[in-house]
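Q: Contents are mmCIF, C-alpha atoms; file name start12.cif:
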```
data_final
loop_
_atom_site.label_atom_id
_atom_site.label_comp_id
_atom_site.auth_asym_id
_atom_site.auth_seq_id
_atom_site.Cartn_x
_atom_site.Cartn_y
_atom_site.Cartn_z
CA MET A 49 -7.43 59.36 13.95
CA LYS A 50 -10.28 56.89 13.54
CA ILE A 51 -10.64 53.31 12.34
CA TYR A 52 -13.57 50.98 11.85
CA ALA A 53 -14.62 48.26 14.25
CA PRO A 54 -14.61 44.92 12.37
CA THR A 55 -17.73 43.22 13.68
CA GLY A 56 -20.80 44.70 12.03
CA ALA A 57 -24.28 44.69 13.54
CA VAL A 58 -26.01 41.65 14.99
CA GLY A 59 -28.75 40.39 12.70
CA GLY A 60 -32.44 40.33 13.46
CA TRP A 61 -32.81 36.57 13.52
CA SER A 62 -30.83 36.10 16.69
CA THR A 63 -33.28 34.91 19.34
CA SER A 64 -33.29 34.84 23.11
CA PRO A 65 -34.31 31.85 25.24
CA ALA A 66 -37.94 31.39 26.27
CA PRO A 67 -38.76 32.40 29.84
CA SER A 68 -38.41 29.68 32.46
CA ILE A 69 -41.53 27.84 33.64
CA PRO A 70 -42.07 28.92 37.28
CA VAL A 71 -43.72 25.69 38.53
CA LEU A 72 -42.99 22.32 36.91
CA ALA A 73 -45.67 20.28 38.70
CA GLY A 74 -48.03 18.81 36.12
CA ARG A 75 -45.88 19.93 33.21
CA ARG A 76 -44.67 17.65 30.38
CA ILE A 77 -40.93 17.20 29.86
CA GLY A 78 -39.52 16.28 26.46
CA VAL A 79 -36.08 14.92 25.62
CA LEU A 80 -34.48 15.75 22.27
CA ASP A 81 -31.53 13.42 21.68
CA ASN A 82 -29.11 15.66 19.77
CA GLY A 83 -27.08 12.72 18.46
CA LYS A 84 -23.98 12.98 20.63
CA PRO A 85 -22.68 9.76 22.24
CA ASN A 86 -24.71 8.87 25.35
CA ALA A 87 -26.92 11.94 24.96
CA ARG A 88 -30.15 9.96 25.23
CA LEU A 89 -28.93 8.07 28.31
CA LEU A 90 -27.85 11.27 30.05
CA LEU A 91 -30.88 13.36 29.11
CA GLU A 92 -33.45 10.65 29.88
CA ARG A 93 -31.93 10.17 33.33
CA ALA A 94 -31.89 13.93 33.96
CA ALA A 95 -35.51 14.20 32.80
CA SER A 96 -36.60 11.32 35.06
CA GLN A 97 -34.91 12.87 38.08
CA LEU A 98 -36.36 16.29 37.29
CA ALA A 99 -39.83 14.77 36.95
CA ALA A 100 -39.50 12.87 40.25
CA ARG A 101 -38.42 16.00 42.13
CA THR A 102 -41.02 18.36 40.72
CA GLY A 103 -44.17 16.39 39.90
CA ALA A 104 -43.69 16.82 36.16
CA SER A 105 -43.74 13.87 33.74
CA VAL A 106 -41.50 12.69 30.91
CA ALA A 107 -43.87 12.82 27.96
CA LEU A 108 -41.68 12.41 24.88
CA VAL A 109 -38.18 11.19 23.97
CA VAL A 110 -37.21 11.80 20.34
CA GLY A 111 -34.23 12.09 18.01
CA LYS A 112 -33.89 14.61 15.23
CA SER A 113 -35.54 14.42 11.84
CA VAL A 114 -33.55 15.54 8.79
CA ALA A 115 -33.55 19.31 8.40
CA ILE A 116 -31.09 20.45 5.75
CA SER A 117 -31.54 18.31 2.65
CA ASP A 118 -32.66 14.90 1.47
CA ASP A 119 -29.02 13.93 1.24
CA ALA A 120 -28.22 14.81 4.84
CA CYS A 121 -28.25 12.24 7.62
CA VAL A 122 -29.41 12.96 11.13
CA ASN A 123 -26.43 13.92 13.25
CA ALA A 124 -25.31 16.00 16.19
CA ALA A 125 -24.26 19.03 14.18
CA THR A 126 -27.41 19.76 12.22
CA PRO A 127 -30.64 21.34 13.44
CA ALA A 128 -33.69 19.22 14.17
CA GLY A 129 -36.17 19.14 11.31
CA GLU A 130 -39.55 20.85 11.33
CA ALA A 131 -41.41 17.61 12.04
CA THR A 132 -39.48 17.13 15.28
CA ILE A 133 -39.89 20.74 16.36
CA GLU A 134 -43.64 20.71 15.65
CA ARG A 135 -44.07 17.53 17.67
CA LEU A 136 -42.16 18.96 20.63
CA VAL A 137 -44.18 22.18 20.53
CA LYS A 138 -47.42 20.20 20.52
CA GLU A 139 -46.62 17.49 23.05
CA VAL A 140 -44.37 18.97 25.76
CA ASP A 141 -43.90 22.12 27.84
CA LEU A 142 -40.10 22.06 28.15
CA VAL A 143 -37.28 20.23 26.37
CA LEU A 144 -33.96 18.91 27.62
CA THR A 145 -31.32 18.73 24.91
CA GLY A 146 -27.75 19.66 24.03
CA SER A 147 -25.30 17.10 25.37
CA ALA A 148 -21.78 17.83 24.04
CA ASP A 149 -18.59 15.78 23.59
CA MET B 101 -22.07 50.31 10.24
CA SER B 102 -22.00 54.09 10.45
CA LEU B 103 -19.25 56.62 10.92
CA ASP B 104 -20.51 56.97 14.52
CA GLU B 105 -19.08 53.52 15.22
CA LEU B 106 -15.52 54.48 14.40
CA LEU B 107 -12.88 53.95 17.08
CA ASP B 108 -10.31 56.51 18.16
CA ILE B 109 -6.69 55.46 17.81
CA ALA B 110 -3.45 57.38 18.34
CA ASP B 111 -1.82 56.29 15.07
CA ASP B 112 -2.38 53.76 12.31
CA SER B 113 0.66 51.56 13.00
CA PRO B 114 0.08 47.77 12.99
CA ASP B 115 1.10 47.64 16.66
CA ALA B 116 -1.49 50.25 17.66
CA VAL B 117 -4.30 48.45 15.82
CA LEU B 118 -3.23 45.11 17.24
CA GLU B 119 -3.29 46.49 20.78
CA LEU B 120 -6.64 48.27 20.41
CA TYR B 121 -8.28 45.23 18.85
CA ALA B 122 -6.76 42.79 21.33
CA GLU B 123 -8.30 44.79 24.19
CA ARG B 124 -11.69 44.03 22.64
CA GLY B 125 -10.98 40.38 21.87
CA TRP B 126 -10.59 40.97 18.13
CA GLY B 127 -7.93 39.92 15.66
CA ASP B 128 -6.09 36.68 14.87
CA GLY B 129 -2.93 37.47 16.85
CA LEU B 130 -0.99 38.85 13.89
CA PRO B 131 -0.34 42.52 13.08
CA LEU B 132 -3.24 44.27 11.35
CA VAL B 133 -3.55 47.02 8.75
CA ALA B 134 -5.57 49.95 10.17
CA PRO B 135 -9.06 50.01 8.60
CA THR B 136 -9.29 53.77 8.20
CA PRO B 137 -12.32 55.15 6.33
CA ALA B 138 -10.04 56.12 3.43
CA ARG B 139 -8.61 52.61 3.09
CA VAL B 140 -12.04 50.97 3.40
CA ASP B 141 -13.54 53.33 0.79
CA ALA B 142 -10.66 52.57 -1.57
CA MET B 143 -11.23 48.85 -1.03
CA LEU B 144 -14.96 49.20 -1.69
CA ALA B 145 -14.25 50.99 -4.96
CA ALA B 146 -13.18 47.61 -6.34
CA LEU B 147 -16.84 46.54 -6.32
CA GLY B 148 -18.18 49.34 -8.52
CA GLU B 149 -21.70 50.73 -8.11
CA VAL B 150 -23.19 48.50 -5.42
CA ASP B 151 -24.77 49.19 -2.04
CA PRO B 152 -21.93 48.92 0.51
CA ASP B 153 -24.36 48.39 3.38
CA GLU B 154 -26.47 45.60 1.89
CA VAL B 155 -26.34 42.50 4.07
CA ILE B 156 -24.70 39.70 2.06
CA ALA B 157 -25.16 37.04 4.77
CA THR B 158 -25.86 36.75 8.46
CA LEU B 159 -23.16 34.59 9.99
CA PRO B 160 -23.71 32.30 13.01
CA PRO B 161 -23.29 31.79 15.88
CA ARG B 162 -23.14 35.55 16.65
CA GLY B 163 -25.60 36.41 13.93
CA GLY B 164 -23.36 39.16 12.62
CA GLU B 165 -24.45 40.95 9.47
CA ALA B 166 -21.75 40.79 6.81
CA THR B 167 -22.27 43.84 4.60
CA ARG B 168 -19.88 44.70 1.81
CA ARG B 169 -18.45 47.43 4.04
CA VAL B 170 -17.81 44.99 6.89
CA VAL B 171 -16.18 42.58 4.43
CA ALA B 172 -14.01 45.44 3.15
CA VAL B 173 -12.97 46.40 6.69
CA ASN B 174 -11.76 42.85 7.31
CA ALA B 175 -10.08 42.75 3.89
CA VAL B 176 -8.12 45.89 4.80
CA LEU B 177 -7.19 44.39 8.19
CA ALA B 178 -5.83 41.28 6.44
CA GLY B 179 -3.84 43.25 3.87
CA CYS B 180 -5.87 42.14 0.83
CA PRO B 181 -5.27 43.59 -2.62
CA ARG B 182 -8.46 45.31 -3.82
CA GLU B 183 -8.93 42.78 -6.60
CA CYS B 184 -9.64 40.13 -3.96
CA LEU B 185 -12.68 41.88 -2.50
CA PRO B 186 -15.22 40.45 -5.00
CA VAL B 187 -13.88 36.98 -4.12
CA LEU B 188 -14.34 37.66 -0.40
CA VAL B 189 -17.90 38.96 -0.87
CA SER B 190 -18.69 35.79 -2.82
CA VAL B 191 -17.15 33.61 -0.12
CA VAL B 192 -19.42 35.28 2.44
CA ARG B 193 -22.40 34.61 0.16
CA ALA B 194 -21.41 30.94 0.04
CA LEU B 195 -20.84 30.69 3.81
CA GLY B 196 -24.38 31.93 4.33
CA ARG B 197 -25.90 28.98 2.46
CA PRO B 198 -27.69 26.62 4.89
CA GLU B 199 -26.04 23.45 3.56
CA VAL B 200 -22.64 24.77 4.72
CA ASN B 201 -23.95 24.56 8.30
CA LEU B 202 -21.68 27.38 9.42
CA ARG B 203 -23.00 27.30 12.97
CA GLY B 204 -21.70 23.77 13.33
CA VAL B 205 -18.48 24.50 11.45
CA ASN B 206 -17.70 27.39 13.78
CA ALA B 207 -18.71 25.69 17.01
CA THR B 208 -17.43 22.11 16.73
CA THR B 209 -14.54 20.54 18.64
CA HIS B 210 -13.17 19.37 15.24
CA PRO B 211 -10.40 21.48 13.59
CA VAL B 212 -12.51 22.25 10.49
CA ALA B 213 -11.89 25.43 8.49
CA PRO B 214 -13.53 26.66 5.29
CA LEU B 215 -11.20 26.00 2.36
CA VAL B 216 -11.66 28.60 -0.38
CA ILE B 217 -10.85 27.45 -3.92
CA VAL B 218 -10.74 30.31 -6.43
CA SER B 219 -11.39 29.51 -10.10
CA GLY B 220 -11.56 31.37 -13.40
CA ASP B 221 -10.44 34.75 -14.69
CA VAL B 222 -10.04 36.30 -11.25
CA VAL B 223 -7.16 33.94 -10.48
CA GLU B 224 -4.84 35.78 -12.85
CA ARG B 225 -6.47 39.20 -12.36
CA ALA B 226 -6.01 39.18 -8.57
CA GLY B 227 -2.77 37.20 -8.60
CA TYR B 228 -3.81 33.98 -6.84
CA ASN B 229 -1.36 31.09 -6.83
CA ALA B 230 -2.71 27.88 -8.38
CA GLY B 231 0.72 26.38 -8.97
CA LEU B 232 3.75 25.34 -6.97
CA GLY B 233 3.15 25.66 -3.23
CA ALA B 234 -0.46 26.83 -3.68
CA PHE B 235 -1.48 25.80 -0.17
CA GLY B 236 1.66 27.36 1.32
CA PRO B 237 3.11 30.82 2.00
CA GLY B 238 4.49 33.46 -0.31
CA ASN B 239 1.49 34.66 -2.30
CA ARG B 240 -0.37 37.78 -1.17
CA ALA B 241 -3.77 36.98 -2.68
CA ASN B 242 -3.94 33.43 -1.27
CA ALA B 243 -2.60 34.45 2.14
CA THR B 244 -4.70 37.55 2.66
CA THR B 245 -7.95 36.16 1.26
CA GLY B 246 -7.64 33.16 3.55
CA ARG B 247 -6.77 35.42 6.47
CA ALA B 248 -9.67 37.78 5.75
CA VAL B 249 -12.10 34.84 5.74
CA ARG B 250 -10.86 33.86 9.20
CA LEU B 251 -11.11 37.47 10.42
CA LEU B 252 -14.71 37.60 9.19
CA LEU B 253 -15.46 34.38 11.05
CA LEU B 254 -13.84 35.73 14.22
CA HIS B 255 -15.37 39.20 14.08
CA VAL B 256 -18.72 38.87 12.32
CA ALA B 257 -19.64 35.24 12.98
CA GLY B 258 -18.17 35.47 16.49
CA ALA B 259 -16.16 32.24 16.16
CA THR B 260 -13.85 33.14 19.01
CA PRO B 261 -11.82 30.19 20.33
CA GLY B 262 -13.31 29.27 23.67
CA PRO B 263 -16.63 31.11 23.93
CA ALA B 264 -17.78 29.99 20.46
CA ASP B 265 -15.16 27.91 18.63
CA ALA B 266 -14.71 24.75 20.71
CA SER B 267 -12.00 23.23 18.47
CA THR B 268 -9.98 20.95 20.73
CA GLN B 269 -6.62 21.63 19.12
CA GLY B 270 -7.49 24.31 16.58
CA GLY B 271 -5.46 24.02 13.38
CA PRO B 272 -3.19 25.95 11.04
CA ALA B 273 -5.95 26.05 8.40
CA LYS B 274 -7.84 28.33 10.78
CA TYR B 275 -5.31 31.11 10.06
CA ALA B 276 -5.65 31.10 6.26
CA TYR B 277 -6.94 28.42 3.87
CA CYS B 278 -7.23 29.67 0.31
CA VAL B 279 -5.91 28.26 -2.96
CA ALA B 280 -6.69 28.56 -6.64
CA GLU B 281 -7.64 25.93 -9.20
CA ASN B 282 -4.89 25.33 -11.75
CA ALA B 283 -6.98 25.81 -14.88
CA THR B 284 -4.15 25.51 -17.37
CA ALA B 285 -3.14 22.13 -15.93
CA THR B 286 -6.70 20.81 -15.66
CA PRO B 287 -7.36 18.23 -18.38
CA TRP B 288 -11.14 18.47 -17.85
CA ASP B 289 -13.67 21.30 -17.50
CA SER B 290 -13.06 23.70 -14.66
CA TYR B 291 -14.28 22.54 -11.27
CA PRO B 292 -17.13 25.11 -11.15
CA ALA B 293 -18.30 24.00 -14.62
CA SER B 294 -18.35 20.39 -13.38
CA VAL B 295 -20.88 21.37 -10.71
CA GLY B 296 -22.98 23.52 -13.03
CA VAL B 297 -21.54 26.99 -12.33
CA GLY B 298 -20.59 28.52 -15.67
CA ALA B 299 -19.44 31.97 -14.52
CA ALA B 300 -16.17 33.46 -15.71
CA SER B 301 -14.94 33.36 -12.10
CA ALA B 302 -16.22 31.35 -9.16
CA VAL B 303 -15.35 30.38 -5.61
CA THR B 304 -15.86 27.05 -3.92
CA VAL B 305 -16.12 26.77 -0.15
CA HIS B 306 -15.42 23.34 1.32
CA CYS B 307 -15.36 23.09 5.11
CA GLY B 308 -12.77 20.45 5.78
CA GLU B 309 -9.67 19.16 7.44
CA ALA B 310 -6.13 20.14 6.48
CA PRO B 311 -4.84 18.35 3.34
CA HIS B 312 -3.78 14.69 3.75
CA ASN B 313 -0.82 14.06 1.45
CA VAL B 314 -0.86 11.43 -1.31
CA HIS B 315 2.60 10.61 -2.64
CA ASP B 316 3.13 8.55 -5.81
CA MET B 317 6.35 9.00 -7.79
CA GLU B 318 6.27 5.94 -9.98
CA SER B 319 2.84 5.03 -11.36
CA GLU B 320 2.13 5.44 -15.05
CA SER B 321 -1.56 4.52 -14.96
CA PRO B 322 -4.59 5.79 -12.98
CA ALA B 323 -5.33 2.87 -10.68
CA PRO B 324 -2.12 2.79 -8.59
CA ILE B 325 -2.27 6.54 -8.02
CA LEU B 326 -5.92 6.43 -7.07
CA ASP B 327 -5.40 3.43 -4.80
CA LYS B 328 -3.14 5.68 -2.73
CA VAL B 329 -5.81 8.37 -2.76
CA ALA B 330 -8.29 5.73 -1.57
CA SER B 331 -5.88 4.77 1.19
CA ALA B 332 -5.77 8.38 2.40
CA MET B 333 -9.58 8.43 2.35
CA THR B 334 -9.97 5.41 4.59
CA SER B 335 -8.32 6.56 7.82
CA LEU B 336 -10.54 5.95 10.81
CA GLY B 337 -9.63 9.18 12.60
CA GLN B 338 -11.18 11.55 10.10
CA ASN B 339 -14.57 13.03 10.88
CA ASN B 340 -16.06 11.75 7.64
CA ALA B 341 -15.52 8.09 8.48
CA VAL B 342 -19.12 7.18 9.26
CA ILE B 343 -21.03 10.15 7.85
CA ALA B 344 -22.81 9.31 4.62
CA GLN B 345 -23.11 12.91 3.47
CA GLY B 346 -19.40 13.62 3.99
CA GLU B 347 -17.46 14.97 1.03
CA TYR B 348 -13.87 14.40 -0.08
CA PHE B 349 -12.04 16.94 -2.18
CA VAL B 350 -9.24 15.24 -4.06
CA ALA B 351 -6.70 17.90 -5.04
CA LEU B 352 -4.72 16.25 -7.82
CA CYS B 353 -1.35 17.68 -8.75
CA PRO B 354 -1.00 18.42 -12.50
CA GLU B 355 1.25 15.40 -13.12
CA HIS B 356 -1.12 12.92 -11.49
CA ALA B 357 -4.05 14.56 -13.30
CA ALA B 358 -2.22 14.25 -16.64
CA THR B 359 -1.45 10.57 -16.07
CA ILE B 360 -5.07 9.83 -15.17
CA ALA B 361 -6.62 11.90 -17.95
CA GLY B 362 -4.09 10.52 -20.43
CA ALA B 363 -5.62 7.11 -19.90
CA GLY B 364 -8.99 8.54 -20.90
CA TRP B 365 -10.45 8.87 -17.43
CA SER B 366 -13.01 11.59 -16.69
CA ARG B 367 -13.73 13.20 -13.32
CA ARG B 368 -16.69 10.83 -13.04
CA ASP B 369 -14.43 7.83 -13.64
CA ILE B 370 -12.15 8.97 -10.82
CA ALA B 371 -15.02 9.51 -8.38
CA SER B 372 -16.59 6.15 -9.28
CA TYR B 373 -13.27 4.34 -8.85
CA LEU B 374 -12.62 5.97 -5.48
CA PHE B 375 -16.17 5.23 -4.34
CA GLN B 376 -15.47 1.59 -5.14
CA ARG B 377 -11.94 1.44 -3.70
CA ALA B 378 -12.11 3.68 -0.61
CA ARG B 379 -13.90 1.14 1.56
CA LEU B 380 -13.56 -0.58 4.90
CA PRO B 381 -15.33 -3.64 6.30
CA ALA B 382 -18.59 -2.71 7.98
CA SER B 383 -17.41 -4.57 11.08
CA VAL B 384 -14.34 -2.30 11.35
CA LEU B 385 -16.44 0.84 11.09
CA ARG B 386 -19.05 -0.48 13.53
CA SER B 387 -16.44 -1.44 16.10
CA ALA B 388 -14.79 1.98 15.82
CA PHE B 389 -17.95 4.10 16.04
CA ALA B 390 -20.95 3.40 18.27
CA ARG B 391 -22.91 6.22 16.61
CA ARG B 392 -22.99 6.55 12.87
CA ALA B 393 -24.68 8.92 10.45
CA TRP B 394 -25.09 6.37 7.68
CA ALA B 395 -27.77 6.16 5.04
CA PRO B 396 -30.26 3.34 5.77
CA TRP B 397 -28.77 1.08 3.07
CA MET B 398 -25.37 1.32 4.75
CA GLU B 399 -26.76 0.29 8.12
CA ALA B 400 -28.16 -2.85 6.45
CA ALA B 401 -24.69 -4.06 5.39
CA ALA B 402 -23.40 -7.35 6.75
CA ASP B 403 -20.27 -7.15 8.91
CA ASP B 404 -18.00 -8.54 6.20
CA ASP B 405 -19.33 -6.20 3.50
CA LEU B 406 -17.00 -3.46 2.36
CA LEU B 407 -18.66 -0.08 2.89
CA PRO B 408 -17.69 3.14 1.07
CA MET B 409 -16.41 6.08 3.10
CA THR B 410 -19.26 8.25 1.86
CA GLY B 411 -22.80 7.56 0.72
CA SER B 412 -22.38 8.53 -2.94
CA ALA B 413 -19.71 8.91 -5.61
CA ASP B 414 -21.12 12.44 -6.06
CA HIS B 415 -19.51 13.35 -2.74
CA ILE B 416 -16.02 12.79 -4.17
CA ARG B 417 -14.88 16.01 -5.87
CA ILE B 418 -11.86 16.34 -8.14
CA VAL B 419 -9.87 19.57 -8.59
CA VAL B 420 -6.36 20.21 -9.94
CA ILE B 421 -4.06 22.29 -7.73
CA GLY B 422 -0.30 22.72 -7.51
CA GLY B 423 2.82 22.65 -9.62
CA ALA B 424 5.58 20.27 -10.66
CA GLY B 425 6.02 17.06 -8.66
CA LYS B 426 3.93 14.08 -7.73
CA HIS B 427 2.12 14.98 -4.52
CA SER B 428 -1.67 15.20 -4.45
CA SER B 429 -3.89 15.51 -1.41
CA VAL B 430 -7.22 14.49 0.05
CA ILE B 431 -9.26 17.02 2.00
CA PRO B 432 -12.06 15.28 3.90
CA SER B 433 -14.94 17.50 4.92
CA TRP B 434 -15.99 17.98 8.52
CA GLY B 435 -18.87 15.68 7.62
CA MET B 436 -22.01 17.61 8.55
CA THR B 437 -21.56 20.17 5.80
CA ALA B 438 -21.76 20.43 2.03
CA SER B 439 -19.49 22.36 -0.31
CA VAL B 440 -20.88 25.33 -2.22
CA THR B 441 -19.69 26.91 -5.49
CA VAL B 442 -20.92 30.38 -6.40
CA PRO B 443 -20.04 32.90 -9.13
CA VAL B 444 -17.71 35.73 -8.17
CA GLU B 445 -20.08 38.70 -8.02
CA PRO B 446 -19.74 42.01 -6.23
#
```
Please go through the file and, once you have read it, give me the structure as C-alpha cells.
A:
Amino acid sequence: MKIYAPTGAVGGWSTSPAPSIPVLAGRRIGVLDNGKPNARLLLERAASQLAARTGASVALVVGKSVAISDDACVNAATPAGEATIERLVKEVDLVLTGSAD
Amino acid sequence: MSLDELLDIADDSPDAVLELYAERGWGDGLPLVAPTPARVDAMLAALGEVDPDEVIATLPPRGGEATRRVVAVNAVLAGCPRECLPVLVSVVRALGRPEVNLRGVNATTHPVAPLVIVSGDVVERAGYNAGLGAFGPGNRANATTGRAVRLLLLHVAGATPGPADASTQGGPAKYAYCVAENATATPWDSYPASVGVGAASAVTVHCGEAPHNVHDMESESPAPILDKVASAMTSLGQNNAVIAQGEYFVALCPEHAATIAGAGWSRRDIASYLFQRARLPASVLRSAFARRAWAPWMEAAADDDLLPMTGSADHIRIVVIGGAGKHSSVIPSWGMTASVTVPVEP
C-alpha cells in the first residue's frame, strides 16, 4: 500500500549562498554585528586578522536596523533591515556575521 | 505533492509508519496514523470546495510549502478529527506572518513553541477543551491539533532538533501546545474581538514559554491577584526580561477573571495595572543583561527607576482559560516575535 510523505515541496524563495571571492587582496570586508553577546568583538577581530593575512581591508562595521515593524527592537533573532543591507551591498565586497550563543 | 511522491509501505499499522518515517528523520517519536490517500482525501473534505494544492504559507528555515494537502497529511498523522483541519490551515496562515518570526522561533536555543488558542464557534463544533485541564491531556482536539502543528514544523518547516532547532533543553510544549478560550466564562469580549478580529471562529498563535503558574486562593479584589501575576512576569530568567517588544499572555482562570471583572475592571485596566506593577529596578536589569533590546526611552532610565518588563501595556494580553479553581498562568513570549490572531478559514 502507499502513504504520503509529510514534507511538501521546498518553496521558491529559498536561496543559496553567493559564490566565494577567489582573491581577497584589495577587497572590502564588512562586519554585521548580529546582536549576540560579544559578536562585534569576535567578528571585528576575525575581520582584522583576515584583512592582515590577505591584503583586504575592514571597510564597515554595523549593527542591524529594524526590519519587522516600528514596534520591534533590534535584536539577534530578527533580520537586518533594508537600510543595513543596502549599505553593505554598496560599501563592502564580503560580510562576516552570524555569531551564535 | 503528487501521487508520484507516495511511499510504499507493507501495512498501515502505527508501528510500520513510525519505522518508515523514522528512517527518513520524520515524526515526533510517537506512533503515527498512516496518511493513506483515502484518509487524506477524507480529511480534505472538511474544507469544502477549495484548492488542496494552494500554498498557504512557506515555512522557514526549510522553506517548505504548506499546502492544504500537506496540512491534511500531517493532521492525519497526528490523529486529528476532521473538524480541526480548518483550524490547522488557519494556524499555518498565522505562522507565515512575518511578525511571528518563525525562522527565529524554530532555530533558537530557547524552548519556545507556538501556543495555539482556539476561539469561537469551532471550539464546540470540533470539541476543543477550554475548561478544566485545558492545557493538559485527555482531549482529542487539543492534543492532536497541537501535535499536528509540531509535525508541520518538523516536516514542512524543517525544525528538526539539532540540524535546525537548536533548543538547548527542548520542552514539553514542543510536543503539543493547543488550548481553547473559555468564552462562556469570559466576562469581556472574546480575545479575538479585543484585537479586532470579529470572525465567528479564530485562532491566536503566540510563540512563548510554557505556562508559569499563578496561585491565589484567597483574594477577593483584583489587585492582590494581579500582584501575583506581576510577580510571575518579573522573573529574570525569562527571555522577555529585557526585550521591549516582548508579549505576555495572561491566562486567567474563570474564578480570577470573575473576581477582577466583578470589581469593574476591563482588559485594558488589567494590562495597565500589570504594566505599572510588573517592574524591576533598571540597575537590576542592567546588571543581569549586558545586551538589551529596549526601546530608547527605557535605555534612558536612571538606575533606581523601576522599568516595566515590556515596552507597552499593549503587549500584555488577557485571555480566560480553564475550569474551577484558582490557578491562572503567565505565558511570556520568546521575545523576538509577535502574536497573531486570524479568522478560521479553509
Q: On this file, the PyMOL selection byres ((chain A and resi 59) around 12) gives some set of residues; write that set as a PDB file with C-alpha atoms, keeping the file's coordinate frame.
A:
```pdb
ATOM      1  CA  THR A  55     -17.730  43.220  13.680  1.00  0.00           C
ATOM      2  CA  GLY A  56     -20.800  44.700  12.030  1.00  0.00           C
ATOM      3  CA  ALA A  57     -24.280  44.690  13.540  1.00  0.00           C
ATOM      4  CA  VAL A  58     -26.010  41.650  14.990  1.00  0.00           C
ATOM      5  CA  GLY A  60     -32.440  40.330  13.460  1.00  0.00           C
ATOM      6  CA  TRP A  61     -32.810  36.570  13.520  1.00  0.00           C
ATOM      7  CA  SER A  62     -30.830  36.100  16.690  1.00  0.00           C
ATOM      8  CA  THR A  63     -33.280  34.910  19.340  1.00  0.00           C
TER       9      THR A  63
ATOM     10  CA  VAL B 155     -26.340  42.500   4.070  1.00  0.00           C
ATOM     11  CA  ILE B 156     -24.700  39.700   2.060  1.00  0.00           C
ATOM     12  CA  ALA B 157     -25.160  37.040   4.770  1.00  0.00           C
ATOM     13  CA  THR B 158     -25.860  36.750   8.460  1.00  0.00           C
ATOM     14  CA  LEU B 159     -23.160  34.590   9.990  1.00  0.00           C
ATOM     15  CA  PRO B 160     -23.710  32.300  13.010  1.00  0.00           C
ATOM     16  CA  PRO B 161     -23.290  31.790  15.880  1.00  0.00           C
ATOM     17  CA  ARG B 162     -23.140  35.550  16.650  1.00  0.00           C
ATOM     18  CA  GLY B 163     -25.600  36.410  13.930  1.00  0.00           C
ATOM     19  CA  GLY B 164     -23.360  39.160  12.620  1.00  0.00           C
ATOM     20  CA  GLU B 165     -24.450  40.950   9.470  1.00  0.00           C
ATOM     21  CA  ALA B 166     -21.750  40.790   6.810  1.00  0.00           C
ATOM     22  CA  THR B 167     -22.270  43.840   4.600  1.00  0.00           C
ATOM     23  CA  VAL B 256     -18.720  38.870  12.320  1.00  0.00           C
ATOM     24  CA  ALA B 257     -19.640  35.240  12.980  1.00  0.00           C
TER      25      ALA B 257
END
```
Q: I need the chain B residues near chain A as a list in words; criterion: at most 6 Å, counting all atoms listed in the file.
A: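 In the required form, that comes to Leu106, Leu107, Asp108, Ile109, Pro135, Thr136, Gly163, Gly164, Glu165, Val170, Gly204, His255, Val256, Gln345 and Ala393 of chain B.
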Q: Contacts of A:Leu108 at 8 Å or less, counting all atoms listed in the file, minus same-chain residues fewer than 6 places along, as a ChimeraX atom specification?
A: /A:77-79,136,139-140
Q: Of the candidates A:Ala107, A:Asp81, A:Ala100, A:Gly74, which shows the shortest atom-to-atom distance to A:Lys138, using all atoms listed in the file?
A: A:Ala107
Q: Care to translate the PyMOL selection byres ((chain B and resi 314) around 9) into actual residues of this file, as a ChimeraX atom specification?
A: /B:312-313,315-316,325,328-329,331-332,352,426-430
Q: Residues at most 8 Å from B:Ser301, counting only C-alpha atoms, excluding those fewer than 6 positions away in the same chain, as a PDB file with C-alpha atoms, keeping the file's coordinate frame?
A:
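So part-v8.pdb came out as:
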```pdb
ATOM      1  CA  VAL B 218     -10.740  30.310  -6.430  1.00  0.00           C
ATOM      2  CA  SER B 219     -11.390  29.510 -10.100  1.00  0.00           C
ATOM      3  CA  GLY B 220     -11.560  31.370 -13.400  1.00  0.00           C
ATOM      4  CA  ASP B 221     -10.440  34.750 -14.690  1.00  0.00           C
ATOM      5  CA  VAL B 222     -10.040  36.300 -11.250  1.00  0.00           C
ATOM      6  CA  VAL B 223      -7.160  33.940 -10.480  1.00  0.00           C
ATOM      7  CA  PRO B 443     -20.040  32.900  -9.130  1.00  0.00           C
ATOM      8  CA  VAL B 444     -17.710  35.730  -8.170  1.00  0.00           C
TER       9      VAL B 444
END
```
Q: Which residues match the PyMOL selection byres ((chain B and resi 406-409) around 7) in the file above, as a ChimeraX atom specification?
A: /B:334,341-342,375-376,378-382,404-405,410-411
